[in-house]
Structure formats: structure tokens, C-alpha cells
>>> print(open('my_file01.pdb').read())   # PDB, C-alpha atoms, pLDDT in the B column
ATOM      1  CA  MET A  12       0.000   0.000   0.000  1.00 98.00           C
ATOM      2  CA  ARG A  13       0.952   3.644  -0.482  1.00 98.00           C
ATOM      3  CA  TYR A  14       0.206   6.154   2.266  1.00 98.00           C
ATOM      4  CA  ALA A  15       0.550   9.957   2.399  1.00 98.00           C
ATOM      5  CA  ILE A  16       0.720  12.132   5.534  1.00 98.00           C
ATOM      6  CA  SER A  17       1.333  15.869   5.789  1.00 98.00           C
ATOM      7  CA  ASP A  18       1.945  18.515   8.455  1.00 98.00           C
ATOM      8  CA  ILE A  19       2.878  16.369  11.450  1.00 98.00           C
ATOM      9  CA  HIS A  20       4.153  19.555  13.134  1.00 97.00           C
ATOM     10  CA  GLY A  21       5.947  18.079  16.121  1.00 96.00           C
ATOM     11  CA  CYS A  22       3.171  15.672  17.103  1.00 98.00           C
ATOM     12  CA  SER A  23       5.348  12.595  17.551  1.00 98.00           C
ATOM     13  CA  LYS A  24       2.881  10.564  19.637  1.00 98.00           C
ATOM     14  CA  THR A  25       0.119  11.094  17.095  1.00 98.00           C
ATOM     15  CA  PHE A  26       2.445  10.211  14.236  1.00 98.00           C
ATOM     16  CA  LYS A  27       3.382   6.959  15.968  1.00 98.00           C
ATOM     17  CA  LEU A  28      -0.283   6.193  16.635  1.00 98.00           C
ATOM     18  CA  ALA A  29      -1.195   6.888  13.005  1.00 98.00           C
ATOM     19  CA  LEU A  30       1.383   4.408  11.732  1.00 98.00           C
ATOM     20  CA  SER A  31      -0.039   1.864  14.156  1.00 98.00           C
ATOM     21  CA  GLU A  32      -3.613   2.590  13.062  1.00 97.00           C
ATOM     22  CA  ILE A  33      -2.808   1.760   9.448  1.00 98.00           C
ATOM     23  CA  ASN A  34      -0.627  -1.180  10.503  1.00 97.00           C
ATOM     24  CA  LEU A  35       2.247   0.047   8.367  1.00 98.00           C
ATOM     25  CA  GLN A  36       4.073  -2.874   6.810  1.00 97.00           C
ATOM     26  CA  PRO A  37       7.781  -2.985   5.870  1.00 97.00           C
ATOM     27  CA  THR A  38       6.825  -3.107   2.187  1.00 97.00           C
ATOM     28  CA  ASP A  39       4.352  -0.209   2.315  1.00 98.00           C
ATOM     29  CA  GLU A  40       5.397   3.067   0.713  1.00 98.00           C
ATOM     30  CA  LEU A  41       5.146   6.095   2.994  1.00 98.00           C
ATOM     31  CA  PHE A  42       5.071   9.633   1.611  1.00 98.00           C
ATOM     32  CA  LEU A  43       5.485  12.537   4.048  1.00 98.00           C
ATOM     33  CA  LEU A  44       4.634  15.939   2.618  1.00 98.00           C
ATOM     34  CA  GLY A  45       6.620  18.294   4.834  1.00 98.00           C
ATOM     35  CA  ASP A  46       6.260  20.428   7.965  1.00 98.00           C
ATOM     36  CA  TYR A  47       7.611  17.906  10.442  1.00 97.00           C
ATOM     37  CA  ILE A  48       8.563  20.607  12.938  1.00 96.00           C
ATOM     38  CA  ASP A  49       7.106  23.518  14.972  1.00 94.00           C
ATOM     39  CA  ARG A  50       3.840  24.005  16.854  1.00 92.00           C
ATOM     40  CA  GLY A  51       3.642  20.569  18.442  1.00 94.00           C
ATOM     41  CA  PRO A  52       5.711  19.567  21.492  1.00 95.00           C
ATOM     42  CA  ASP A  53       8.287  17.203  19.972  1.00 95.00           C
ATOM     43  CA  SER A  54       9.719  18.290  16.634  1.00 95.00           C
ATOM     44  CA  GLN A  55      12.999  16.473  17.164  1.00 94.00           C
ATOM     45  CA  GLY A  56      11.122  13.322  18.119  1.00 96.00           C
ATOM     46  CA  VAL A  57       9.244  13.395  14.814  1.00 97.00           C
ATOM     47  CA  LEU A  58      12.503  13.742  12.897  1.00 97.00           C
ATOM     48  CA  GLU A  59      14.093  10.866  14.790  1.00 96.00           C
ATOM     49  CA  MET A  60      11.092   8.646  14.070  1.00 98.00           C
ATOM     50  CA  ILE A  61      11.442   9.436  10.379  1.00 98.00           C
ATOM     51  CA  TRP A  62      15.177   8.758  10.452  1.00 98.00           C
ATOM     52  CA  ASP A  63      14.537   5.434  12.173  1.00 98.00           C
ATOM     53  CA  LEU A  64      12.102   4.498   9.406  1.00 98.00           C
ATOM     54  CA  GLU A  65      14.673   5.449   6.785  1.00 98.00           C
ATOM     55  CA  ALA A  66      17.360   3.426   8.547  1.00 98.00           C
ATOM     56  CA  SER A  67      15.088   0.399   8.783  1.00 97.00           C
ATOM     57  CA  GLY A  68      14.713   0.275   5.014  1.00 97.00           C
ATOM     58  CA  GLN A  69      11.092   1.384   5.004  1.00 98.00           C
ATOM     59  CA  PRO A  70      10.198   2.727   1.533  1.00 98.00           C
ATOM     60  CA  ILE A  71       9.751   6.388   2.466  1.00 98.00           C
ATOM     61  CA  VAL A  72       9.841   9.690   0.596  1.00 98.00           C
ATOM     62  CA  CYS A  73       9.998  12.921   2.582  1.00 98.00           C
ATOM     63  CA  LEU A  74       9.240  16.255   0.960  1.00 98.00           C
ATOM     64  CA  ARG A  75      10.287  19.709   2.052  1.00 98.00           C
ATOM     65  CA  GLY A  76       7.727  21.916   3.770  1.00 98.00           C
ATOM     66  CA  ASN A  77       7.814  25.660   4.268  1.00 97.00           C
ATOM     67  CA  HIS A  78       8.790  25.225   7.934  1.00 96.00           C
ATOM     68  CA  GLU A  79      11.899  23.244   7.024  1.00 96.00           C
ATOM     69  CA  GLU A  80      12.623  25.883   4.408  1.00 96.00           C
ATOM     70  CA  MET A  81      12.370  28.648   7.022  1.00 94.00           C
ATOM     71  CA  VAL A  82      14.995  26.945   9.184  1.00 94.00           C
ATOM     72  CA  LEU A  83      17.336  26.785   6.194  1.00 94.00           C
ATOM     73  CA  GLU A  84      16.658  30.454   5.431  1.00 94.00           C
ATOM     74  CA  TYR A  85      17.420  31.398   9.038  1.00 91.00           C
ATOM     75  CA  VAL A  86      20.754  29.554   8.952  1.00 90.00           C
ATOM     76  CA  ALA A  87      21.599  31.206   5.630  1.00 91.00           C
ATOM     77  CA  GLY A  88      20.925  34.652   7.086  1.00 91.00           C
ATOM     78  CA  LYS A  89      17.836  35.229   4.986  1.00 93.00           C
ATOM     79  CA  ARG A  90      15.484  35.311   7.976  1.00 89.00           C
ATOM     80  CA  ASP A  91      15.983  37.361  11.150  1.00 85.00           C
ATOM     81  CA  ARG A  92      14.626  34.858  13.635  1.00 79.00           C
ATOM     82  CA  TYR A  93      13.015  31.472  13.862  1.00 79.00           C
ATOM     83  CA  GLU A  94      11.272  29.799  16.786  1.00 75.00           C
ATOM     84  CA  TRP A  95      12.456  26.221  16.392  1.00 79.00           C
ATOM     85  CA  PHE A  96      16.030  25.174  15.915  1.00 75.00           C
ATOM     86  CA  PRO A  97      17.696  21.752  15.947  1.00 80.00           C
ATOM     87  CA  GLN A  98      19.278  20.451  19.116  1.00 76.00           C
ATOM     88  CA  PRO A  99      22.984  21.418  19.047  1.00 82.00           C
ATOM     89  CA  GLU A 100      24.225  17.851  18.853  1.00 79.00           C
ATOM     90  CA  LEU A 101      21.949  17.155  15.884  1.00 81.00           C
ATOM     91  CA  LYS A 102      22.197  20.533  14.187  1.00 91.00           C
ATOM     92  CA  GLN A 103      24.276  19.615  11.143  1.00 92.00           C
ATOM     93  CA  LYS A 104      22.516  16.313  10.550  1.00 93.00           C
ATOM     94  CA  THR A 105      19.149  18.042  10.705  1.00 94.00           C
ATOM     95  CA  LEU A 106      20.147  20.889   8.402  1.00 94.00           C
ATOM     96  CA  ASN A 107      21.723  18.527   5.897  1.00 96.00           C
ATOM     97  CA  TRP A 108      18.562  16.433   5.895  1.00 97.00           C
ATOM     98  CA  PHE A 109      16.331  19.474   5.399  1.00 97.00           C
ATOM     99  CA  ALA A 110      18.507  20.624   2.505  1.00 97.00           C
ATOM    100  CA  SER A 111      18.261  17.211   0.859  1.00 98.00           C
ATOM    101  CA  LEU A 112      14.457  17.137   0.809  1.00 98.00           C
ATOM    102  CA  PRO A 113      12.834  17.392  -2.633  1.00 98.00           C
ATOM    103  CA  HIS A 114       9.980  19.791  -3.353  1.00 98.00           C
ATOM    104  CA  TYR A 115       7.684  17.246  -4.979  1.00 98.00           C
ATOM    105  CA  HIS A 116       7.383  13.575  -5.830  1.00 98.00           C
ATOM    106  CA  GLU A 117       5.512  11.659  -8.487  1.00 98.00           C
ATOM    107  CA  THR A 118       4.070   8.202  -7.901  1.00 98.00           C
ATOM    108  CA  PRO A 119       1.695   6.524 -10.382  1.00 98.00           C
ATOM    109  CA  GLY A 120      -1.549   8.502 -10.491  1.00 98.00           C
ATOM    110  CA  TYR A 121      -0.351  11.295  -8.207  1.00 98.00           C
ATOM    111  CA  ILE A 122       1.804  14.361  -7.770  1.00 98.00           C
ATOM    112  CA  LEU A 123       2.710  14.891  -4.115  1.00 98.00           C
ATOM    113  CA  VAL A 124       3.702  18.340  -2.887  1.00 98.00           C
ATOM    114  CA  HIS A 125       3.642  20.290   0.356  1.00 98.00           C
ATOM    115  CA  ALA A 126       1.509  23.307  -0.537  1.00 98.00           C
ATOM    116  CA  GLY A 127       0.404  23.235  -4.142  1.00 98.00           C
ATOM    117  CA  LEU A 128       1.353  23.950  -7.731  1.00 98.00           C
ATOM    118  CA  ASN A 129       1.393  27.113  -9.803  1.00 98.00           C
ATOM    119  CA  PHE A 130      -0.894  26.297 -12.720  1.00 97.00           C
ATOM    120  CA  LEU A 131      -0.326  29.786 -14.137  1.00 96.00           C
ATOM    121  CA  HIS A 132       3.253  28.749 -14.877  1.00 95.00           C
ATOM    122  CA  PRO A 133       3.822  26.862 -18.154  1.00 93.00           C
ATOM    123  CA  GLU A 134       5.848  24.301 -16.171  1.00 95.00           C
ATOM    124  CA  PRO A 135       4.170  23.989 -12.741  1.00 97.00           C
ATOM    125  CA  LEU A 136       6.841  21.599 -11.456  1.00 97.00           C
ATOM    126  CA  SER A 137       9.534  24.241 -11.898  1.00 97.00           C
ATOM    127  CA  ASP A 138       8.078  26.759  -9.431  1.00 98.00           C
ATOM    128  CA  GLU A 139       9.566  25.577  -6.142  1.00 98.00           C
ATOM    129  CA  TYR A 140       8.433  28.634  -4.181  1.00 98.00           C
ATOM    130  CA  GLU A 141       4.766  27.909  -4.822  1.00 98.00           C
ATOM    131  CA  MET A 142       5.287  24.236  -3.930  1.00 98.00           C
ATOM    132  CA  LEU A 143       6.145  25.438  -0.415  1.00 98.00           C
ATOM    133  CA  TRP A 144       3.819  28.401  -0.002  1.00 98.00           C
ATOM    134  CA  ALA A 145       0.838  28.254  -2.389  1.00 97.00           C
ATOM    135  CA  ARG A 146      -2.693  28.612  -1.047  1.00 96.00           C
ATOM    136  CA  TYR A 147      -6.081  28.753  -2.735  1.00 95.00           C
ATOM    137  CA  TRP A 148      -4.793  27.704  -6.148  1.00 97.00           C
ATOM    138  CA  TYR A 149      -7.557  25.302  -7.228  1.00 97.00           C
ATOM    139  CA  ASP A 150      -9.298  27.807  -9.494  1.00 96.00           C
ATOM    140  CA  ASP A 151      -6.075  28.254 -11.459  1.00 97.00           C
ATOM    141  CA  MET A 152      -6.045  24.614 -12.570  1.00 96.00           C
ATOM    142  CA  VAL A 153      -8.293  25.415 -15.537  1.00 94.00           C
ATOM    143  CA  LYS A 154      -5.557  27.721 -16.910  1.00 93.00           C
ATOM    144  CA  ASN A 155      -3.318  24.708 -17.586  1.00 94.00           C
ATOM    145  CA  PRO A 156      -5.824  21.926 -18.327  1.00 89.00           C
ATOM    146  CA  ASP A 157      -3.463  19.488 -20.018  1.00 93.00           C
ATOM    147  CA  PHE A 158      -0.729  19.412 -17.398  1.00 96.00           C
ATOM    148  CA  LEU A 159      -2.148  16.855 -14.973  1.00 97.00           C
ATOM    149  CA  GLY A 160      -3.521  14.315 -17.393  1.00 96.00           C
ATOM    150  CA  ASP A 161      -5.171  11.765 -15.115  1.00 96.00           C
ATOM    151  CA  ARG A 162      -2.971  12.583 -12.102  1.00 98.00           C
ATOM    152  CA  ILE A 163      -4.223  13.882  -8.754  1.00 98.00           C
ATOM    153  CA  VAL A 164      -2.402  16.500  -6.665  1.00 98.00           C
ATOM    154  CA  ILE A 165      -2.069  15.572  -2.980  1.00 98.00           C
ATOM    155  CA  HIS A 166      -0.960  18.389  -0.671  1.00 98.00           C
ATOM    156  CA  GLY A 167      -1.060  19.816   2.839  1.00 98.00           C
ATOM    157  CA  HIS A 168      -0.038  23.264   4.176  1.00 98.00           C
ATOM    158  CA  THR A 169      -3.499  24.829   4.442  1.00 97.00           C
ATOM    159  CA  PRO A 170      -5.255  23.219   7.431  1.00 97.00           C
ATOM    160  CA  ALA A 171      -8.963  22.525   7.210  1.00 97.00           C
ATOM    161  CA  LYS A 172     -11.559  20.862   9.383  1.00 97.00           C
ATOM    162  CA  MET A 173     -11.521  17.097   9.372  1.00 97.00           C
ATOM    163  CA  LEU A 174     -14.993  16.813   7.851  1.00 97.00           C
ATOM    164  CA  SER A 175     -13.922  19.101   5.015  1.00 97.00           C
ATOM    165  CA  ILE A 176     -10.817  16.983   4.403  1.00 98.00           C
ATOM    166  CA  ARG A 177     -12.937  13.841   4.428  1.00 98.00           C
ATOM    167  CA  LYS A 178     -15.239  15.329   1.774  1.00 98.00           C
ATOM    168  CA  SER A 179     -12.281  16.494  -0.287  1.00 98.00           C
ATOM    169  CA  ILE A 180     -10.818  12.988  -0.287  1.00 98.00           C
ATOM    170  CA  GLN A 181     -14.136  11.570  -1.434  1.00 98.00           C
ATOM    171  CA  LEU A 182     -14.099  13.971  -4.393  1.00 98.00           C
ATOM    172  CA  MET A 183     -10.409  13.842  -5.231  1.00 97.00           C
ATOM    173  CA  ALA A 184     -10.720  11.584  -8.274  1.00 97.00           C
ATOM    174  CA  GLU A 185     -13.217  14.042  -9.780  1.00 97.00           C
ATOM    175  CA  ASN A 186     -11.445  17.246  -8.710  1.00 97.00           C
ATOM    176  CA  GLN A 187      -7.900  15.943  -9.247  1.00 98.00           C
ATOM    177  CA  TYR A 188      -6.738  17.383  -5.935  1.00 98.00           C
ATOM    178  CA  THR A 189      -7.125  16.995  -2.214  1.00 98.00           C
ATOM    179  CA  CYS A 190      -5.629  18.584   0.882  1.00 98.00           C
ATOM    180  CA  ILE A 191      -4.744  16.193   3.707  1.00 98.00           C
ATOM    181  CA  ASP A 192      -3.824  18.744   6.398  1.00 98.00           C
ATOM    182  CA  SER A 193      -6.528  18.446   9.036  1.00 98.00           C
ATOM    183  CA  GLY A 194      -4.646  20.626  11.508  1.00 97.00           C
ATOM    184  CA  CYS A 195      -3.044  18.042  13.770  1.00 97.00           C
ATOM    185  CA  SER A 196      -1.348  20.733  15.865  1.00 94.00           C
ATOM    186  CA  GLN A 197      -4.327  23.114  15.774  1.00 93.00           C
ATOM    187  CA  GLU A 198      -6.810  23.578  18.613  1.00 89.00           C
ATOM    188  CA  MET A 199      -9.506  25.068  16.406  1.00 92.00           C
ATOM    189  CA  GLU A 200     -12.894  23.365  16.377  1.00 94.00           C
ATOM    190  CA  GLY A 201     -13.034  20.540  13.848  1.00 95.00           C
ATOM    191  CA  MET A 202      -9.258  20.291  13.542  1.00 98.00           C
ATOM    192  CA  GLY A 203      -6.673  18.438  15.600  1.00 97.00           C
ATOM    193  CA  TYR A 204      -6.376  15.336  13.408  1.00 98.00           C
ATOM    194  CA  LEU A 205      -3.553  13.707  11.503  1.00 98.00           C
ATOM    195  CA  THR A 206      -4.822  12.408   8.178  1.00 98.00           C
ATOM    196  CA  VAL A 207      -3.365   9.314   6.546  1.00 98.00           C
ATOM    197  CA  LEU A 208      -4.439   8.939   2.919  1.00 98.00           C
ATOM    198  CA  ASN A 209      -4.256   5.508   1.320  1.00 98.00           C
ATOM    199  CA  LEU A 210      -3.341   6.309  -2.278  1.00 98.00           C
ATOM    200  CA  ASP A 211      -4.347   2.851  -3.479  1.00 98.00           C
ATOM    201  CA  THR A 212      -7.854   2.745  -1.975  1.00 98.00           C
ATOM    202  CA  GLN A 213      -8.325   6.559  -1.871  1.00 98.00           C
ATOM    203  CA  GLU A 214      -9.549   6.307   1.717  1.00 98.00           C
ATOM    204  CA  GLY A 215      -8.538   8.503   4.626  1.00 98.00           C
ATOM    205  CA  THR A 216      -7.766   7.535   8.209  1.00 98.00           C
ATOM    206  CA  PHE A 217      -8.198  10.349  10.726  1.00 98.00           C
ATOM    207  CA  VAL A 218      -6.231  10.093  13.968  1.00 98.00           C
ATOM    208  CA  ARG A 219      -7.092  12.462  16.776  1.00 98.00           C
ATOM    209  CA  CYS A 220      -4.069  14.340  18.132  1.00 98.00           C
ATOM    210  CA  ILE A 221      -2.816  12.917  21.445  1.00 97.00           C
ATOM    211  CA  ASP A 222       0.225  15.192  21.889  1.00 96.00           C
TER     212      ASP A 222
END
>>> encode(input="my_file01.pdb", output="C-alpha cells")
Amino acid sequence: MRYAISDIHGCSKTFKLALSEINLQPTDELFLLGDYIDRGPDSQGVLEMIWDLEASGQPIVCLRGNHEEMVLEYVAGKRDRYEWFPQPELKQKTLNWFASLPHYHETPGYILVHAGLNFLHPEPLSDEYEMLWARYWYDDMVKNPDFLGDRIVIHGHTPAKMLSIRKSIQLMAENQYTCIDSGCSQEMEGMGYLTVLNLDTQEGTFVRCID
């Protein structure tokens, strides 16, 4: 099976529970769509869980989110301050890992990205800024109707209520997109869930935040 998760945001206990809920198998493919850090209580714990999965040989693809990008910008002197920063003993490993993360990934039937795609660009996969920061881009899809073919865009970044995410997943084959950020780290009404999307069955599992 292929599973996609986005915007874990430091919720390590919920992330662990979500993997248990889907009974992740060593042969399953896991796609993580960025924003592993900030907001939740255990950003470093999330990273270490991911690194353990990588070390175990789990088929896993991790994308860059805007929060990882902001850490890199801070280190490069392009940002004045940033709330979260790697533990000193893991600083270089963490920064190197962030810098290695791709902006998007293609798997049969899908394009996976953190935030979205710029359909106003003749080559949407060349606009890395929008992959990290785009919001409210669905209406632009009609401007580049041939780009997707039969592929579906899976993204996070813009949190929505769980019921809205559930509806979006139900319609994703028709719409050719869905957001899977149900605000795991958010305390707003209707949010506070980590969504796991099964790309093969097109079904979502919604795990209530326990962090």
C-alpha cells in the first residue's frame, strides 16, 4: 500500500499512533509531505522517528515543507529569527537532511507536494516557491488543463476541518486534488487530526491528536 501524511508539526505521539492505526508494513510506501517541525511539542522526536524508518529500510519519501525551508533560510541569514532550531548535537545532521528534501514527488496517479502547484506557470513543477507556499490555487487549474492528465495533486499546508478533508478525499478523483492537512497541531474546532491517505484505496484515516 501507499500512504501519504502531511503537516505532522511536532506531534510525535500522534504520528506513531497513526502508523499503528494503518498497521504500516515494511513493504508499504510512505510519503510525508513536509512540515515535520514547529507548533507541536516534539519536533525532534518526529525527525528521529522518520530517520529510524529510513534506517530500517522502510520505503519512504519525505518532501520539504515551508517550515523546514524557514529553518534553512534562518541559517543562511535570509530570515531574522526562527522559533524552532535543531538540538545542538543534531544541528548539522538536521540541516543537511532538510537541505536534501525534494519539493515534490511523483508516484503513479499522483503528484505529491507540500503546498500546491502554480498552474499559471507553463511548467508547474519548476516553481519551487509555490510548492512550499501556495494557497487557494484550485481555481487556477483550468488555466493549464493538459498538465495533470489523469494525475491527482495531494498536498497539505493549508489546514482545514476534518470533515472538510474527508469530503475532499471523497471527491479527489473528480477534482484531481485533495488537501490532507486536518490541523493536527491546531486547537480550532473541527481540527486536531492527523490524516493518513491511502493512495491505493483513496480512503482517509483520521487520527485524533494525542500530543
>>> closest_atom_pairs(input="my_file01.pdb", of="segment 64-162 of chain A", to="segment 33-39 of chain A", cutoff="8 Å", atoms="only C-alpha atoms", output="JSON lines")
{"residue": "A:Gly68", "atom": "CA", "partner": "A:Pro37", "partner_atom": "CA", "distance": 7.7}
{"residue": "A:Gln69", "atom": "CA", "partner": "A:Pro37", "partner_atom": "CA", "distance": 5.5}
{"residue": "A:Pro70", "atom": "CA", "partner": "A:Asp39", "partner_atom": "CA", "distance": 6.6}
>>> closest_atom_pairs(input="my_file01.pdb", of="segment 47-108 of chain A", to="segment 140-146 of chain A", cutoff="9 Å", atoms="all atoms listed in the file", output="CSV")
residue,atom,partner,partner_atom,distance
A:Arg75,CA,A:Leu143,CA,7.5
A:Gly76,CA,A:Leu143,CA,5.7
A:Asn77,CA,A:Leu143,CA,5.0
A:His78,CA,A:Leu143,CA,8.8
A:Glu80,CA,A:Leu143,CA,8.1
>>> atom_distance(input="my_file01.pdb", atom1="atom CA of Leu205 of chain A", atom2="atom CA of Leu101 of chain A")
26.1 Å
>>> atom_distance(input="my_file01.pdb", atom1="atom CA of His125 of chain A", atom2="atom CA of Arg92 of chain A")
22.6 Å
>>> atom_distance(input="my_file01.pdb", atom1="atom CA of Trp108 of chain A", atom2="atom CA of Ile48 of chain A")
12.9 Å
>>> closest_residue(input="my_file01.pdb", among="A:Glu94, A:Glu198, A:Glu65, A:Glu185", to="Glu79 of chain A", atoms="only C-alpha atoms")
A:Glu94
>>> residues_around(input="my_file01.pdb", residues="Asn107 of chain A", least_positions_apart="5", cutoff="10 Å", atoms="all atoms listed in the file", output="list in words")
Leu83, Lys102 and Leu112 of chain A
>>> residues_around(input="my_file01.pdb", residues="Glu134 of chain A", least_positions_apart="3", cutoff="12 Å", atoms="only C-alpha atoms", output="PyMOL selection string")
chain A and resi 128-131+137-139+141+154-155+157-159
>>> residues_around(input="my_file01.pdb", residues="Val57 of chain A", least_positions_apart="6", cutoff="7 Å", atoms="all atoms listed in the file", output="VMD selection string")
chain A and resid 21 to 23 47
>>> residues_around(input="my_file01.pdb", residues="Ile176 of chain A", least_positions_apart="6", cutoff="10 Å", atoms="only C-alpha atoms", output="list in words")
Pro170, Leu182, Thr189, Cys190, Ile191, Asp192, Ser193, Met202, Thr206, Gly215 and Phe217 of chain A
>>> write_last_selection(input="my_file01.pdb", atoms="C-alpha atoms", output="mmCIF file, in the coordinates of the input")
data_model
loop_
_atom_site.group_PDB
_atom_site.id
_atom_site.type_symbol
_atom_site.label_atom_id
_atom_site.label_comp_id
_atom_site.auth_asym_id
_atom_site.auth_seq_id
_atom_site.Cartn_x
_atom_site.Cartn_y
_atom_site.Cartn_z
ATOM 1 C CA PRO A 170 -5.255 23.219 7.431
ATOM 2 C CA LEU A 182 -14.099 13.971 -4.393
ATOM 3 C CA THR A 189 -7.125 16.995 -2.214
ATOM 4 C CA CYS A 190 -5.629 18.584 0.882
ATOM 5 C CA ILE A 191 -4.744 16.193 3.707
ATOM 6 C CA ASP A 192 -3.824 18.744 6.398
ATOM 7 C CA SER A 193 -6.528 18.446 9.036
ATOM 8 C CA MET A 202 -9.258 20.291 13.542
ATOM 9 C CA THR A 206 -4.822 12.408 8.178
ATOM 10 C CA GLY A 215 -8.538 8.503 4.626
ATOM 11 C CA PHE A 217 -8.198 10.349 10.726
#
>>> residues_near_point(input="my_file01.pdb", point="(10.1, 16.9, 15.0)", cutoff="12 Å", atoms="all atoms listed in the file", output="ChimeraX atom specification")
/A:18-26,45-62,78-79,95-98,101,105,109
>>> closest_residue(input="my_file01.pdb", among="A:Tyr204, A:Pro156, A:Met12, A:Glu214", to="Ser179 of chain A", atoms="all atoms listed in the file")
A:Glu214
>>> residues_around(input="my_file01.pdb", residues="Ile122 of chain A", least_positions_apart="2", cutoff="12 Å", atoms="only C-alpha atoms", output="JSON, numbers by chain")
{"A": [15, 42, 44, 74, 114, 115, 116, 117, 118, 119, 120, 124, 125, 126, 127, 128, 135, 136, 142, 158, 159, 160, 161, 162, 163, 164, 165, 166, 187, 188, 189, 210]}
>>> closest_residue(input="my_file01.pdb", among="A:Ala171, A:Asp63, A:Val153, A:Val86", to="Lys27 of chain A", atoms="all atoms listed in the file")
A:Asp63
>>> closest_residue(input="my_file01.pdb", among="A:Ser175, A:Arg90, A:Ile180, A:Tyr85", to="Gln213 of chain A", atoms="all atoms listed in the file")
A:Ile180
>>> decode(input="my_file01.pdb", residues="segment 159-176 of chain A", atoms="N, CA, C and O atoms", output="mmCIF file, in the first residue's frame")
data_model
loop_
_atom_site.group_PDB
_atom_site.id
_atom_site.type_symbol
_atom_site.label_atom_id
_atom_site.label_comp_id
_atom_site.auth_asym_id
_atom_site.auth_seq_id
_atom_site.Cartn_x
_atom_site.Cartn_y
_atom_site.Cartn_z
ATOM 1 N N LEU A 159 -1.997 17.984 -15.887
ATOM 2 C CA LEU A 159 -2.148 16.855 -14.973
ATOM 3 C C LEU A 159 -2.422 15.532 -15.679
ATOM 4 O O LEU A 159 -2.036 14.471 -15.179
ATOM 5 N N GLY A 160 -3.077 15.578 -16.807
ATOM 6 C CA GLY A 160 -3.521 14.315 -17.393
ATOM 7 C C GLY A 160 -4.525 13.664 -16.447
ATOM 8 O O GLY A 160 -5.503 14.293 -16.048
ATOM 9 N N ASP A 161 -4.262 12.423 -16.051
ATOM 10 C CA ASP A 161 -5.171 11.765 -15.115
ATOM 11 C C ASP A 161 -4.610 11.735 -13.694
ATOM 12 O O ASP A 161 -5.092 10.999 -12.839
ATOM 13 N N ARG A 162 -3.597 12.566 -13.430
ATOM 14 C CA ARG A 162 -2.971 12.583 -12.102
ATOM 15 C C ARG A 162 -3.759 13.439 -11.123
ATOM 16 O O ARG A 162 -4.503 14.340 -11.512
ATOM 17 N N ILE A 163 -3.583 13.155 -9.844
ATOM 18 C CA ILE A 163 -4.223 13.882 -8.754
ATOM 19 C C ILE A 163 -3.139 14.537 -7.913
ATOM 20 O O ILE A 163 -2.127 13.902 -7.592
ATOM 21 N N VAL A 164 -3.345 15.793 -7.531
ATOM 22 C CA VAL A 164 -2.402 16.500 -6.665
ATOM 23 C C VAL A 164 -2.801 16.275 -5.200
ATOM 24 O O VAL A 164 -3.931 16.571 -4.809
ATOM 25 N N ILE A 165 -1.865 15.756 -4.413
ATOM 26 C CA ILE A 165 -2.069 15.572 -2.980
ATOM 27 C C ILE A 165 -1.172 16.568 -2.258
ATOM 28 O O ILE A 165 0.033 16.634 -2.523
ATOM 29 N N HIS A 166 -1.751 17.346 -1.342
ATOM 30 C CA HIS A 166 -0.960 18.389 -0.671
ATOM 31 C C HIS A 166 -1.460 18.608 0.752
ATOM 32 O O HIS A 166 -2.512 18.115 1.164
ATOM 33 N N GLY A 167 -0.689 19.391 1.496
ATOM 34 C CA GLY A 167 -1.060 19.816 2.839
ATOM 35 C C GLY A 167 -1.010 21.333 2.917
ATOM 36 O O GLY A 167 -1.517 22.032 2.054
ATOM 37 N N HIS A 168 -0.380 21.850 4.009
ATOM 38 C CA HIS A 168 -0.038 23.264 4.176
ATOM 39 C C HIS A 168 -1.180 24.157 4.629
ATOM 40 O O HIS A 168 -0.978 25.034 5.466
ATOM 41 N N THR A 169 -2.361 23.979 4.081
ATOM 42 C CA THR A 169 -3.499 24.829 4.442
ATOM 43 C C THR A 169 -4.487 24.004 5.255
ATOM 44 O O THR A 169 -5.288 23.250 4.696
ATOM 45 N N PRO A 170 -4.422 24.102 6.600
ATOM 46 C CA PRO A 170 -5.255 23.219 7.431
ATOM 47 C C PRO A 170 -6.743 23.490 7.252
ATOM 48 O O PRO A 170 -7.163 24.629 7.046
ATOM 49 N N ALA A 171 -7.510 22.435 7.328
ATOM 50 C CA ALA A 171 -8.963 22.525 7.210
ATOM 51 C C ALA A 171 -9.595 21.560 8.211
ATOM 52 O O ALA A 171 -8.927 20.658 8.733
ATOM 53 N N LYS A 172 -10.859 21.739 8.452
ATOM 54 C CA LYS A 172 -11.559 20.862 9.383
ATOM 55 C C LYS A 172 -11.603 19.436 8.831
ATOM 56 O O LYS A 172 -11.663 19.220 7.625
ATOM 57 N N MET A 173 -11.580 18.499 9.760
ATOM 58 C CA MET A 173 -11.521 17.097 9.372
ATOM 59 C C MET A 173 -12.658 16.711 8.445
ATOM 60 O O MET A 173 -12.456 15.973 7.465
ATOM 61 N N LEU A 174 -13.860 17.175 8.701
ATOM 62 C CA LEU A 174 -14.993 16.813 7.851
ATOM 63 C C LEU A 174 -14.816 17.358 6.437
ATOM 64 O O LEU A 174 -15.219 16.720 5.460
ATOM 65 N N SER A 175 -14.199 18.529 6.324
ATOM 66 C CA SER A 175 -13.922 19.101 5.015
ATOM 67 C C SER A 175 -12.874 18.272 4.281
ATOM 68 O O SER A 175 -12.994 18.024 3.068
ATOM 69 N N ILE A 176 -11.844 17.839 5.004
ATOM 70 C CA ILE A 176 -10.817 16.983 4.403
ATOM 71 C C ILE A 176 -11.424 15.663 3.960
ATOM 72 O O ILE A 176 -11.127 15.145 2.866
#
